[in-house]
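Dumped run-v4.pdb below, it's PDB, C-alpha atoms:
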ATOM      1  CA  TRP A 910      45.595   4.721  99.826
ATOM      2  CA  SER A 911      46.992   2.511  97.073
ATOM      3  CA  SER A 912      49.356  -0.368  97.798
ATOM      4  CA  PHE A 913      51.943   1.133  95.432
ATOM      5  CA  ALA A 914      51.970   4.395  97.432
ATOM      6  CA  GLN A 915      52.340   2.451 100.689
ATOM      7  CA  TRP A 916      55.171   0.341  99.292
ATOM      8  CA  ALA A 917      56.951   3.482  98.046
ATOM      9  CA  THR A 918      56.572   5.211 101.428
ATOM     10  CA  PHE A 919      57.873   2.320 103.531
ATOM     11  CA  ALA A 920      60.709   1.317 101.191
ATOM     12  CA  ARG A 921      64.118   1.063 102.842
ATOM     13  CA  MET A 922      66.746   3.575 101.698
ATOM     14  CA  TRP A 923      70.541   3.191 101.643
ATOM     15  CA  TYR A 924      72.504   6.301 102.738
ATOM     16  CA  LEU A 925      76.233   6.940 102.339
ATOM     17  CA  LEU A 926      78.244   9.014 104.816
ATOM     18  CA  ASP A 927      81.889   9.988 104.307
ATOM     19  CA  GLY A 928      83.788  10.087 107.590
ATOM     20  CA  LYS A 929      86.989  11.751 106.336
ATOM     21  CA  MET A 930      88.121  14.441 108.867
ATOM     22  CA  GLN A 931      84.719  14.303 110.624
ATOM     23  CA  PRO A 932      83.990  14.081 114.370
ATOM     24  CA  PRO A 933      82.736  10.514 115.062
ATOM     25  CA  GLY A 934      80.066  11.728 117.517
ATOM     26  CA  LYS A 935      78.321  13.873 114.901
ATOM     27  CA  LEU A 936      78.547  11.046 112.339
ATOM     28  CA  ALA A 937      77.011   8.699 114.893
ATOM     29  CA  ALA A 938      74.180  11.150 115.688
ATOM     30  CA  MET A 939      73.214  11.463 112.006
ATOM     31  CA  ALA A 940      73.515   7.707 111.513
ATOM     32  CA  SER A 941      71.368   6.868 114.552
ATOM     33  CA  VAL A 942      68.592   9.237 113.389
ATOM     34  CA  LYS A 943      68.503   7.581 109.965
ATOM     35  CA  LEU A 944      68.749   4.037 111.394
ATOM     36  CA  GLN A 945      65.737   4.565 113.658
ATOM     37  CA  GLY A 946      63.676   6.214 110.930
ATOM     38  CA  LEU A 947      63.260   9.438 112.926
ATOM     39  CA  HIS A 948      63.782  11.425 109.714
ATOM     40  CA  LYS A 949      60.447  10.169 108.327
ATOM     41  CA  PRO A 950      57.037  11.686 109.184
ATOM     42  CA  VAL A 951      55.627   8.115 109.206
ATOM     43  CA  TYR A 952      57.918   7.093 112.080
ATOM     44  CA  HIS A 953      56.729   4.571 114.663
ATOM     45  CA  GLN A 954      58.888   2.462 116.976
ATOM     46  CA  LEU A 955      57.178  -0.781 115.935
ATOM     47  CA  SER A 956      56.780  -0.199 112.210
ATOM     48  CA  ASP A 957      60.390  -1.117 111.262
ATOM     49  CA  CYS A 958      60.959   2.089 109.284
ATOM     50  CA  GLY A 959      64.742   2.295 109.704
ATOM     51  CA  ASP A 960      67.116   2.709 106.778
ATOM     52  CA  HIS A 961      70.581   1.366 105.959
ATOM     53  CA  VAL A 962      73.571   3.643 106.577
ATOM     54  CA  VAL A 963      77.023   3.004 105.054
ATOM     55  CA  ILE A 964      79.885   4.949 106.665
ATOM     56  CA  MET A 965      83.185   4.914 104.788
ATOM     57  CA  ASN A 966      86.645   6.271 105.679
ATOM     58  CA  THR A 967      86.186   5.502 109.391
ATOM     59  CA  ARG A 968      89.975   5.223 109.628
ATOM     60  CA  HIS A 969      90.211   8.973 108.924
ATOM     61  CA  ILE A 970      87.819  10.310 111.571
ATOM     62  CA  ALA A 971      89.018  13.323 113.579
ATOM     63  CA  PHE A 972      88.357  13.728 117.290
ATOM     64  CA  SER A 973      88.447  17.331 118.533
ATOM     65  CA  GLY A 974      90.609  18.296 121.492
ATOM     66  CA  ASN A 975      92.873  15.722 123.141
ATOM     67  CA  LYS A 976      90.331  12.907 122.993
ATOM     68  CA  TRP A 977      92.660  10.547 121.132
ATOM     69  CA  GLU A 978      94.752  10.303 124.327
ATOM     70  CA  GLN A 979      92.145  11.162 126.986
ATOM     71  CA  LYS A 980      89.037   9.225 125.932
ATOM     72  CA  VAL A 981      89.013   5.789 127.535
ATOM     73  CA  TYR A 982      86.973   2.799 126.360
ATOM     74  CA  SER A 983      86.485   0.311 129.214
ATOM     75  CA  SER A 984      85.270  -3.257 129.104
ATOM     76  CA  HIS A 985      85.321  -6.340 131.326
ATOM     77  CA  THR A 986      85.938  -9.841 130.047
ATOM     78  CA  GLY A 987      83.853 -11.365 132.866
ATOM     79  CA  TYR A 988      86.828 -13.130 134.415
ATOM     80  CA  PRO A 989      88.527 -11.759 137.576
ATOM     81  CA  GLY A 990      91.221  -9.208 136.777
ATOM     82  CA  GLY A 991      89.731  -8.765 133.331
ATOM     83  CA  PHE A 992      88.979  -5.031 133.467
ATOM     84  CA  ARG A 993      90.455  -3.574 130.280
ATOM     85  CA  GLN A 994      90.840   0.159 129.681
ATOM     86  CA  VAL A 995      92.020   1.291 126.265
ATOM     87  CA  THR A 996      92.582   4.824 124.982
ATOM     88  CA  ALA A 997      90.806   5.883 121.797
ATOM     89  CA  ALA A 998      94.109   5.920 119.873
ATOM     90  CA  GLN A 999      94.948   2.320 120.860
ATOM     91  CA  LEU A1000      91.429   1.095 120.038
ATOM     92  CA  HIS A1001      91.537   2.850 116.659
ATOM     93  CA  GLN A1002      94.902   1.206 115.941
ATOM     94  CA  LYS A1003      93.517  -2.255 116.740
ATOM     95  CA  ASP A1004      90.168  -1.836 114.959
ATOM     96  CA  PRO A1005      89.534   1.281 112.803
ATOM     97  CA  VAL A1006      85.773   0.661 112.806
ATOM     98  CA  ALA A1007      85.216   0.253 116.567
ATOM     99  CA  ILE A1008      84.965   3.927 117.613
ATOM    100  CA  VAL A1009      82.126   4.808 115.249
ATOM    101  CA  LYS A1010      80.403   1.470 115.979
ATOM    102  CA  LEU A1011      80.447   2.055 119.743
ATOM    103  CA  ALA A1012      79.305   5.651 119.289
ATOM    104  CA  VAL A1013      76.277   4.610 117.193
ATOM    105  CA  TYR A1014      75.497   1.720 119.570
ATOM    106  CA  GLY A1015      75.367   4.151 122.489
ATOM    107  CA  MET A1016      73.145   6.645 120.643
ATOM    108  CA  LEU A1017      70.469   4.173 119.556
ATOM    109  CA  PRO A1018      67.515   3.579 121.936
ATOM    110  CA  LYS A1019      68.262   0.813 124.421
ATOM    111  CA  THR A1020      65.591  -1.591 123.141
ATOM    112  CA  LEU A1021      65.663  -4.999 121.516
ATOM    113  CA  HIS A1022      65.503  -3.268 118.106
ATOM    114  CA  ARG A1023      69.000  -1.897 118.671
ATOM    115  CA  ARG A1024      70.696  -5.081 117.452
ATOM    116  CA  THR A1025      68.672  -5.107 114.211
ATOM    117  CA  MET A1026      69.508  -1.438 113.644
ATOM    118  CA  MET A1027      73.216  -2.168 114.166
ATOM    119  CA  GLN A1028      72.961  -4.930 111.552
ATOM    120  CA  ARG A1029      71.671  -2.287 109.116
ATOM    121  CA  LEU A1030      74.742  -0.109 109.779
ATOM    122  CA  HIS A1031      77.716  -0.863 107.487
ATOM    123  CA  LEU A1032      81.133   0.509 108.406
ATOM    124  CA  PHE A1033      84.213   0.519 106.181
ATOM    125  CA  PRO A1034      87.638   1.819 107.208
ATOM    126  CA  ASP A1035      88.558   2.978 103.695
ATOM    127  CA  GLU A1036      86.913   3.908 100.411
ATOM    128  CA  ASP A1037      86.661   0.378  99.027
ATOM    129  CA  ILE A1038      83.097  -0.808  99.491
ATOM    130  CA  PRO A1039      81.781  -4.133  98.097
ATOM    131  CA  LYS A1040      79.983  -3.855  94.775
ATOM    132  CA  ASP A1041      76.579  -5.095  95.959
ATOM    133  CA  ILE A1042      76.426  -2.383  98.639
ATOM    134  CA  LEU A1043      77.606   0.271  96.165
ATOM    135  CA  GLN A1044      74.746  -0.692  93.845
ATOM    136  CA  ASN A1045      72.194  -0.235  96.645
ATOM    137  CA  LEU A1046      73.280   3.267  97.665
ATOM    138  CA  VAL A1047      70.701   5.975  97.011
ATOM    139  CA  GLU A1048      71.862   9.222  98.582
ATOM    140  CA  GLU A1049      74.998  10.722 100.064
ATOM    141  CA  LEU A1050      74.370  12.717 103.247
ATOM    142  CA  PRO A1051      76.188  16.061 103.681
ATOM    143  CA  GLN A1052      79.180  15.949 106.018
ATOM    144  CA  PRO A1053      78.553  17.423 109.494
ATOM    145  CA  ARG A1054      81.835  19.356 109.583
ATOM    146  CA  LYS A1055      83.463  21.448 106.868
ATOM    147  CA  ALA A1056      86.936  19.903 106.715
ATOM    148  CA  PRO A1057      89.735  22.523 106.654
ATOM    149  CA  ARG A1058      92.284  22.414 103.838
ATOM    150  CA  ARG A1059      96.027  22.217 104.297
ATOM    151  CA  LEU A1060      98.194  25.078 103.001
ATOM    152  CA  ASP A1061      99.481  22.986 100.100
ATOM    153  CA  GLU A1062      95.876  22.196  99.030
ATOM    154  CA  TYR A1063      95.187  25.868  98.250
ATOM    155  CA  THR A1064      95.962  27.081  94.722
ATOM    156  CA  GLN A1065      98.685  29.705  94.215
ATOM    157  CA  GLU A1066      96.076  32.329  93.154
ATOM    158  CA  GLU A1067      94.107  31.873  96.388
ATOM    159  CA  VAL A1068      97.280  32.190  98.465
ATOM    160  CA  GLU A1069      98.181  35.448  96.689
ATOM    161  CA  ALA A1070      94.587  36.777  96.867
ATOM    162  CA  PHE A1071      94.502  36.338 100.672
ATOM    163  CA  PRO A1072      94.774  39.800 102.325
ATOM    164  CA  ARG A1073      98.139  40.636 103.807
ATOM    165  CA  VAL A1074      97.797  42.002 107.356
ATOM    166  CA  TRP A1075     101.420  42.901 107.970
ATOM    167  CA  SER A1076     104.707  42.650 106.096
ATOM    168  CA  PRO A1077     108.012  41.822 107.774
TER
ATOM    169  CA  MET B 794      50.734  -3.692 152.577
ATOM    170  CA  VAL B 795      52.359  -6.594 150.801
ATOM    171  CA  PHE B 796      53.340  -6.156 147.137
ATOM    172  CA  LEU B 797      54.352  -9.324 145.371
ATOM    173  CA  THR B 798      56.100  -7.535 142.449
ATOM    174  CA  THR B 799      57.891  -4.228 141.992
ATOM    175  CA  ARG B 800      55.327  -3.234 139.353
ATOM    176  CA  LEU B 801      52.489  -3.444 141.854
ATOM    177  CA  TRP B 802      54.515  -1.501 144.421
ATOM    178  CA  LEU B 803      55.190   1.229 141.882
ATOM    179  CA  ARG B 804      51.513   1.427 140.943
ATOM    180  CA  ASN B 805      50.694   2.015 144.581
ATOM    181  CA  ARG B 806      53.336   4.736 145.004
ATOM    182  CA  LEU B 807      52.213   6.740 141.969
ATOM    183  CA  THR B 808      48.670   7.939 141.349
ATOM    184  CA  ASP B 809      46.323   6.439 138.775
ATOM    185  CA  ARG B 810      46.155   9.863 137.129
ATOM    186  CA  TYR B 811      49.924   9.606 136.419
ATOM    187  CA  TRP B 812      49.426   6.459 134.338
ATOM    188  CA  ARG B 813      46.447   7.924 132.468
ATOM    189  CA  VAL B 814      48.489  11.045 131.670
ATOM    190  CA  GLN B 815      51.388   8.873 130.460
ATOM    191  CA  GLU B 816      49.058   7.132 127.983
ATOM    192  CA  VAL B 817      48.105  10.502 126.479
ATOM    193  CA  LEU B 818      51.713  11.720 126.495
ATOM    194  CA  LYS B 819      52.783   8.633 124.501
ATOM    195  CA  HIS B 820      50.640   9.885 121.616
ATOM    196  CA  ALA B 821      51.885  13.468 122.036
ATOM    197  CA  ARG B 822      55.548  12.363 121.955
ATOM    198  CA  LEU B 823      54.926  10.381 118.737
ATOM    199  CA  TRP B 824      53.303  13.394 117.067
ATOM    200  CA  ILE B 825      56.158  15.659 118.170
ATOM    201  CA  ASN B 826      58.729  13.233 116.704
ATOM    202  CA  ARG B 827      56.844  13.074 113.417
ATOM    203  CA  ILE B 828      56.509  16.853 113.178
ATOM    204  CA  THR B 829      60.227  17.228 113.985
ATOM    205  CA  ALA B 830      61.064  14.814 111.152
ATOM    206  CA  ALA B 831      58.843  16.623 108.663
ATOM    207  CA  SER B 832      60.103  20.091 109.613
ATOM    208  CA  GLN B 833      63.742  18.908 109.358
ATOM    209  CA  GLU B 834      62.929  17.853 105.784
ATOM    210  CA  HIS B 835      62.000  21.478 105.108
ATOM    211  CA  GLY B 836      65.054  22.917 106.900
ATOM    212  CA  LEU B 837      63.243  24.094 110.048
ATOM    213  CA  GLN B 838      63.469  23.003 113.659
ATOM    214  CA  TYR B 839      60.445  21.818 115.662
ATOM    215  CA  PRO B 840      60.442  24.536 118.399
ATOM    216  CA  SER B 841      60.909  27.227 115.746
ATOM    217  CA  LEU B 842      58.015  25.828 113.657
ATOM    218  CA  ILE B 843      55.603  25.637 116.599
ATOM    219  CA  ALA B 844      56.507  29.061 118.021
ATOM    220  CA  ASN B 845      56.242  30.836 114.673
ATOM    221  CA  LEU B 846      52.925  29.154 113.797
ATOM    222  CA  ILE B 847      51.489  30.295 117.151
ATOM    223  CA  LYS B 848      52.769  33.816 116.475
ATOM    224  CA  CYS B 849      50.928  33.773 113.128
ATOM    225  CA  GLN B 850      47.753  32.775 115.019
ATOM    226  CA  VAL B 851      47.687  29.362 113.288
ATOM    227  CA  GLU B 852      46.417  27.331 116.261
ATOM    228  CA  LEU B 853      46.791  23.797 114.892
ATOM    229  CA  ASN B 854      47.470  21.108 117.464
ATOM    230  CA  ARG B 855      50.215  18.523 117.113
ATOM    231  CA  LYS B 856      47.805  15.737 116.120
ATOM    232  CA  VAL B 857      46.572  17.717 113.101
ATOM    233  CA  LEU B 858      50.088  18.855 112.181
ATOM    234  CA  ALA B 859      51.378  15.263 112.241
ATOM    235  CA  ASP B 860      48.462  14.048 110.076
ATOM    236  CA  LEU B 861      49.046  16.902 107.619
ATOM    237  CA  ALA B 862      52.738  16.050 107.449
ATOM    238  CA  ILE B 863      51.898  12.456 106.467
ATOM    239  CA  TYR B 864      48.845  12.815 104.207
ATOM    240  CA  GLU B 865      49.119  16.406 102.932
ATOM    241  CA  PRO B 866      52.818  17.131 102.328
ATOM    242  CA  LYS B 867      52.233  20.239 100.207
ATOM    243  CA  THR B 868      50.086  21.840 102.919
ATOM    244  CA  PHE B 869      52.801  21.104 105.475
ATOM    245  CA  LYS B 870      55.404  22.614 103.140
ATOM    246  CA  SER B 871      53.422  25.851 102.916
ATOM    247  CA  LEU B 872      53.015  25.913 106.731
ATOM    248  CA  ALA B 873      56.774  25.465 107.107
ATOM    249  CA  ALA B 874      57.372  28.292 104.616
ATOM    250  CA  LEU B 875      54.983  30.509 106.604
ATOM    251  CA  ALA B 876      56.822  29.748 109.835
ATOM    252  CA  LYS B 877      60.192  30.444 108.169
ATOM    253  CA  ARG B 878      58.964  33.783 106.829
ATOM    254  CA  ARG B 879      57.544  34.801 110.230
ATOM    255  CA  ARG B 880      60.877  33.830 111.810
ATOM    256  CA  GLN B 881      62.794  36.072 109.406
ATOM    257  CA  GLU B 882      60.389  38.944 110.112
ATOM    258  CA  GLY B 883      60.830  38.393 113.841
ATOM    259  CA  PHE B 884      64.610  38.650 113.472
ATOM    260  CA  ALA B 885      64.277  41.802 111.338
ATOM    261  CA  ALA B 886      61.992  43.421 113.927
ATOM    262  CA  ALA B 887      64.322  42.520 116.811
ATOM    263  CA  LEU B 888      67.554  43.585 115.113
ATOM    264  CA  GLY B 889      66.261  46.502 113.008
ATOM    265  CA  ASP B 890      65.361  48.663 116.079
ATOM    266  CA  GLY B 891      62.051  49.897 114.669
ATOM    267  CA  LYS B 892      63.428  51.768 111.652
ATOM    268  CA  GLU B 893      61.810  49.430 109.088
ATOM    269  CA  PRO B 894      58.048  48.853 108.861
ATOM    270  CA  GLU B 895      56.851  45.654 110.511
ATOM    271  CA  GLY B 896      56.533  42.574 108.302
ATOM    272  CA  ILE B 897      53.406  41.460 106.445
ATOM    273  CA  PHE B 898      52.997  38.118 108.189
ATOM    274  CA  SER B 899      53.618  39.637 111.641
ATOM    275  CA  ARG B 900      50.235  41.394 111.537
ATOM    276  CA  VAL B 901      47.911  39.979 114.173
ATOM    277  CA  VAL B 902      44.094  39.875 114.060
ATOM    278  CA  GLN B 903      42.632  41.397 117.238
ATOM    279  CA  TYR B 904      39.598  39.543 118.568
ATOM    280  CA  HIS B 905      37.428  41.560 120.972
TER
END

As structure tokens, what does this structure read like?
Amino acid sequence: WSSFAQWATFARMWYLLDGKMQPPGKLAAMASVKLQGLHKPVYHQLSDCGDHVVIMNTRHIAFSGNKWEQKVYSSHTGYPGGFRQVTAAQLHQKDPVAIVKLAVYGMLPKTLHRRTMMQRLHLFPDEDIPKDILQNLVEELPQPRKAPRRLDEYTQEEVEAFPRVWSP
Amino acid sequence: MVFLTTRLWLRNRLTDRYWRVQEVLKHARLWINRITAASQEHGLQYPSLIANLIKCQVELNRKVLADLAIYEPKTFKSLAALAKRRRQEGFAAALGDGKEPEGIFSRVVQYH
């Protein structure tokens, strides 16, 4: 097997994922698969075959159900009386990147490689990404959820073409 | 008995055969992960691929499938296409209620 073929197989790829109106758990699942290298047939835990994943628009992720108020992120500062419990909405307000970051961190295997894989994950709250990362990007992954459109985003022809079930 | 570490205590509780089986399973789990990755590239899922290949009487083990996926990608692509086709024929046979003739790839060679 030639060295060029080996270099081409084990090259590190940069993937882009748009998080607008997407559930953060599904984004995190796709990201963790790509970060570990489980999407490659040449996967091995020790062969450092993970790729870079850039997730943008993390400020616009969409939890299903009432999770914005019900999901609780707990942590302890280590000092007595330091048990902090924050709802997902409050955490998102303070740091728009934290929800996706914690989701990916929990989905990666609990080994010492996890920290290196998290360093290969790049999260951005909005669409502005630094130029050197934009130049590295290779492929955009398809979004896990088909985002629904608001009524004012439909064209007038589509609104008229929609079948009328009843008339007042 | 005195066990100076938890590892030694555990080794006493479980049988030696358990550890030998775990060694073999490590390889099997790696092959399964690799085949899952390769079949996802072709739009199939691992259980679907394995089940449909068995139904087509293609008795390749996971070691061979993983090696094919790495070193012979075109062969693996044709195997995935075969499994997909057999899957579609299986659905047609289950949902069609016997009105249509059975599919081409669903024919099975009878060994006596």

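The spacing separating atom CA of Pro1005 of chain A from atom CA of Arg1054 of chain A amounts to 19.9 Å.
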
For the contact check between chain B and chain A, emit one row per residue of chain B within 10 Å, containing the shortest atom pair and the distance in Å rounded to one decimal, counting only C-alpha atoms, chain then rising number order, as CSV.
residue,atom,partner,partner_atom,distance
B:Leu823,CA,A:His953,CA,7.3
B:Trp824,CA,A:Pro950,CA,8.9
B:Ile825,CA,A:Pro950,CA,9.9
B:Asn826,CA,A:Leu947,CA,7.0
B:Arg827,CA,A:Pro950,CA,4.5
B:Ile828,CA,A:Pro950,CA,6.6
B:Thr829,CA,A:Pro950,CA,8.0
B:Ala830,CA,A:His948,CA,4.6
B:Ala831,CA,A:Pro950,CA,5.3
B:Ser832,CA,A:Pro950,CA,9.0
B:Gln833,CA,A:His948,CA,7.5
B:Glu834,CA,A:His948,CA,7.6
B:Ala859,CA,A:Pro950,CA,7.4
B:Asp860,CA,A:Pro950,CA,8.9
B:Leu861,CA,A:Pro950,CA,9.7
B:Ala862,CA,A:Pro950,CA,6.4
B:Ile863,CA,A:Pro950,CA,5.9
B:Tyr864,CA,A:Val951,CA,9.6
B:Pro866,CA,A:Pro950,CA,9.7

Looking at only C-alpha atoms, which of B:Arg855, B:Cys849, B:Ala887, B:Ala874 is the one that sits closest to Arg900 of chain B?
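Among the listed residues, the smallest separation from Arg900 of chain B belongs to B:Cys849.
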
Got a sec: who's within 8 Å of Thr967 of chain A, counting only C-alpha atoms, leaving out chain neighbours fewer than 2 positions off, as a VMD selection string?
chain A and resid 928 to 929 964 to 965 969 to 970 1005 to 1006 1009 1032 to 1035

Suppose we keep C-alpha atoms; can you now write the selection as a CSV table (one decimal), in the frame of the given file?
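File again.csv, as written:
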chain,number,residue,atom,x,y,z
A,928,GLY,CA,83.8,10.1,107.6
A,929,LYS,CA,87.0,11.8,106.3
A,964,ILE,CA,79.9,4.9,106.7
A,965,MET,CA,83.2,4.9,104.8
A,969,HIS,CA,90.2,9.0,108.9
A,970,ILE,CA,87.8,10.3,111.6
A,1005,PRO,CA,89.5,1.3,112.8
A,1006,VAL,CA,85.8,0.7,112.8
A,1009,VAL,CA,82.1,4.8,115.2
A,1032,LEU,CA,81.1,0.5,108.4
A,1033,PHE,CA,84.2,0.5,106.2
A,1034,PRO,CA,87.6,1.8,107.2
A,1035,ASP,CA,88.6,3.0,103.7

Could you tell me which residues the PyMOL selection byres ((chain A and resi 980) around 12) grabs in this file, written as a ChimeraX atom specification?
/A:972-979,981-983,994-1001,1008
